[in-house]
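Participant: To start, I am sharing the structure in question, which I have written as structure tokens.
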Amino acid sequence: MSWLIAILQTALFVALAPLLAGFMKFCKCRLQNRRAPSLLQPYRDLLKLTRKQPVISEDASWLFCATPYIVFTAMILAASVVPFIAVDLPTSAEADVIVLVGFFAFARFFLALAGLDIGTAFGGMGSSREMTISSLAEPAMLMAVFTITMTASTTNLSGAIEHVLNEGVVLRPSFVFALFALLLVAVAETGRIPVDNPTTHLELTMIHEAMILEYSGRHLALIEWASQLKFMLYGVLISNIFFPWGIAENFGLSALSYGLLVISGKLILLCVFLGIAETAVAKMRLFRVQEYLGFAYLLGLLGMLSHIILESTR
Amino acid sequence: MNIESQDLYTQAILSMSALVGLTSFLMLGQGRLLRLIFVFAVQGLLLTLTTSMAAFSLDNPHLYISAVLTFALKVVFIPWMLRKEVLTMNMQRDVEALKNNTALMLGGASLMVFSYYVLQPIIHTSSMIMLNAIAVSLSVVLLGLLLMISHRQAVAHVVGFMSIENGLFFAAIVATNGMPMVVELGVAFDVLVAAVLFGIFFLHIRTSIDSLDVDMMNKLHEVDSR
């Protein structure tokens, strides 16, 4: 029974990811006084791409063709680890948050290899930039995550969420820092505006787009879907760890539907907030990104320090 | 002593102290003067909130006066004065190139650890909230000093100096549950006098070296003017 719910939850997660991306686009368009495309537009794009024939360079190796499947699978596995509408599912008991970070790193590794594989200038440039940013973002993310896991004294996400739920409302300085650090890292990792612009194809600024420039057809569809999944993963992670109230704690139908409703509300709020931030902030120069991520790391470090110093038992 | 077992006031004060520490870090890494002044005003606002919270939960009405004074001086008057100074000098577009920003930030973090280390011995004689508040305010003081060392503009030095005073004020509010009214009024007027004096100093520095960059003071007037 619980396995069935876990599988259904993961399927729902994967199915809803393009909708969230569509909603994000909707928020940004409305804020910039433009007419928004339909919320279902990402689905149509994915469908269109899957119908097209993929064009593969003759210099490409098997790695280039395998990468979209590897990346997409890694993201699905990551989605099964994160508690979405219900906590305490068997899949999230199997893997903890470090495995989650590992899935992200695994997908990124193969994307970077695929970018280098076909030997174009853009692919290599995108890969090197992506690796630079992720090498700085990963410690910051781990630092923020460690703050939470030290508070809950478990690295299991379900356990951490249950700990926060059972404790009631406690104002924790360390969580404030960890929240900001994780928000900054999420923006950098999902390639949103101050760090990378997902809608640009300008050679000087693109990072993620440069890596996947050679992909087309169903391969591109899978990669697009995977990056939408990654965006949703970060959103769910942030809203469920820091504001877990409303998540389903048993597997009754009413609790599950209430959980779905609450998480949609939280994600909508997060999207509106992110949309406002992206509209207000200009894209950063590439060489300023290390300062930005250094600040995220500092926030994570401060969160850790204030956990050890201000909160823990002596 | 876990944070879960403390009452809501203590938790709120601890969160405030963390935020005050954060604003100090923000100031340390800030290259633009107007934004630096804005963060300084935010720190003043946090102090005001802390003071009102202490006044409310300790039922100590004269702390409200102190909160109003803090608001008037540190959120409105001094930032307004510094802002006007920056705008008349036309320095709002200058970005100060901080040498090695990351090292500066990590230095700040180690100062924070150092201030906890220094204050460890008083752990046995005082409550948890007292220790934390004093440690955070000591690190705010040290970060203010670091800000004065690392920045070159005289305006940034004034902000650093004022944030040192903010750190001391925070310790006084939280650790002693409010000083006597006379002391607080005296400190507030001292700050006011200091702000006015700094204004006069700015005027003098500006008329003599035509800039507020203190590095220019090293240069000899006759040699460099050629």
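Ordering of the structure tokens sets the chain letters (A, B, ...); residue numbers start at 1 within each chain; ligands are numbered from 1 in the order shown.
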Can you list, as a PyMOL selection string, every protein, DNA or RNA residue that comes within 9 Å of Ile13 (chain B) when you count only C-alpha atoms, leaving out same-chain residues fewer than 3 positions away?
Facilitator: chain B and resi 8-10+16-18+50+53-54+129+133+174
Participant: Could you build a table of the residues in chain A lying no more than 8 Å from chain B, giving for each the nearest pair of atoms and their separation in Å rounded to one decimal place, using only C-alpha atoms, ordered by chain and ascending residue number, as a Markdown table?
Facilitator:
```
| residue | atom | partner | partner_atom | distance |
| --- | --- | --- | --- | --- |
| A:Glu167 | CA | B:Glu4 | CA | 7.6 |
| A:Val170 | CA | B:Glu4 | CA | 6.4 |
| A:Leu171 | CA | B:Gln11 | CA | 5.5 |
| A:Arg172 | CA | B:Ser15 | CA | 6.3 |
| A:Pro173 | CA | B:Ser15 | CA | 4.4 |
| A:Ser174 | CA | B:Ala18 | CA | 8.0 |
| A:Glu291 | CA | B:Thr102 | CA | 7.1 |
| A:Gly294 | CA | B:Thr102 | CA | 6.7 |
| A:Leu298 | CA | B:Met105 | CA | 7.5 |
| A:Leu302 | CA | B:Ala109 | CA | 7.5 |
| A:Leu305 | CA | B:Val113 | CA | 8.0 |
| A:Ser306 | CA | B:Ala18 | CA | 7.3 |
| A:Ile309 | CA | B:Asn132 | CA | 7.6 |
| A:Leu310 | CA | B:Asn132 | CA | 6.2 |
| A:Glu311 | CA | B:Ile3 | CA | 5.1 |
| A:Ser312 | CA | B:Asn2 | CA | 5.8 |
| A:Thr313 | CA | B:Asn2 | CA | 5.2 |
| A:Arg314 | CA | B:Met1 | CA | 6.3 |
```
Participant: Closest to Ile193 (chain A) among A:Arg51, A:His208, A:His163, A:Arg44, using only C-alpha atoms?
Facilitator: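 Between A:Arg51, A:His208, A:His163, A:Arg44, the residue approaching Ile193 (chain A) most closely is A:His208.
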Participant: Quick one: residues within 12 Å of His201 (chain A), only C-alpha atoms, excluding same-chain residues fewer than 4 positions away - as JSON, numbers by chain?
Facilitator: {"A": [122, 126, 196, 197, 205, 206, 207, 208, 209, 210, 211, 212, 213]}
Participant: For Cys27 (chain A), please output as a list in words all residues within 12 Å (counting only C-alpha atoms; exclusion window: fewer than 5 positions along the same chain).
Facilitator: Leu20, Ala21, Gly22, Gln32, Asn33, Arg34, Arg35, Ala36, Pro37, Ser38, Leu39, Ile268, Leu269, Leu270, Cys271, Val272, Phe273, Leu274, Gly275, Ile276, Ala277, Glu278 and Thr279 of chain A
Participant: Can you write just those residues out, C-alpha atoms, as a PDB file, in the first residue's frame?
Facilitator:
```
ATOM      1  CA  LEU A  20       4.988  24.394 -12.356  1.00  0.00           C
ATOM      2  CA  ALA A  21       7.377  25.648 -15.032  1.00  0.00           C
ATOM      3  CA  GLY A  22       4.369  26.979 -16.949  1.00  0.00           C
ATOM      4  CA  GLN A  32       6.466  42.225 -16.906  1.00  0.00           C
ATOM      5  CA  ASN A  33       3.154  43.319 -18.432  1.00  0.00           C
ATOM      6  CA  ARG A  34       3.210  40.674 -21.115  1.00  0.00           C
ATOM      7  CA  ARG A  35       0.554  38.219 -22.131  1.00  0.00           C
ATOM      8  CA  ALA A  36       1.399  34.824 -20.688  1.00  0.00           C
ATOM      9  CA  PRO A  37       1.352  31.609 -22.706  1.00  0.00           C
ATOM     10  CA  SER A  38      -1.098  28.969 -21.561  1.00  0.00           C
ATOM     11  CA  LEU A  39      -0.198  27.054 -18.424  1.00  0.00           C
ATOM     12  CA  ILE A 268       2.474  28.964  -5.897  1.00  0.00           C
ATOM     13  CA  LEU A 269       3.658  31.342  -3.178  1.00  0.00           C
ATOM     14  CA  LEU A 270       7.269  30.394  -3.821  1.00  0.00           C
ATOM     15  CA  CYS A 271       6.835  30.925  -7.580  1.00  0.00           C
ATOM     16  CA  VAL A 272       5.307  34.360  -7.074  1.00  0.00           C
ATOM     17  CA  PHE A 273       8.164  35.308  -4.753  1.00  0.00           C
ATOM     18  CA  LEU A 274      10.755  34.020  -7.216  1.00  0.00           C
ATOM     19  CA  GLY A 275       9.017  35.788 -10.089  1.00  0.00           C
ATOM     20  CA  ILE A 276       9.159  39.107  -8.257  1.00  0.00           C
ATOM     21  CA  ALA A 277      12.822  38.540  -7.405  1.00  0.00           C
ATOM     22  CA  GLU A 278      13.692  37.665 -10.990  1.00  0.00           C
ATOM     23  CA  THR A 279      11.873  40.681 -12.358  1.00  0.00           C
TER      24      THR A 279
END
```
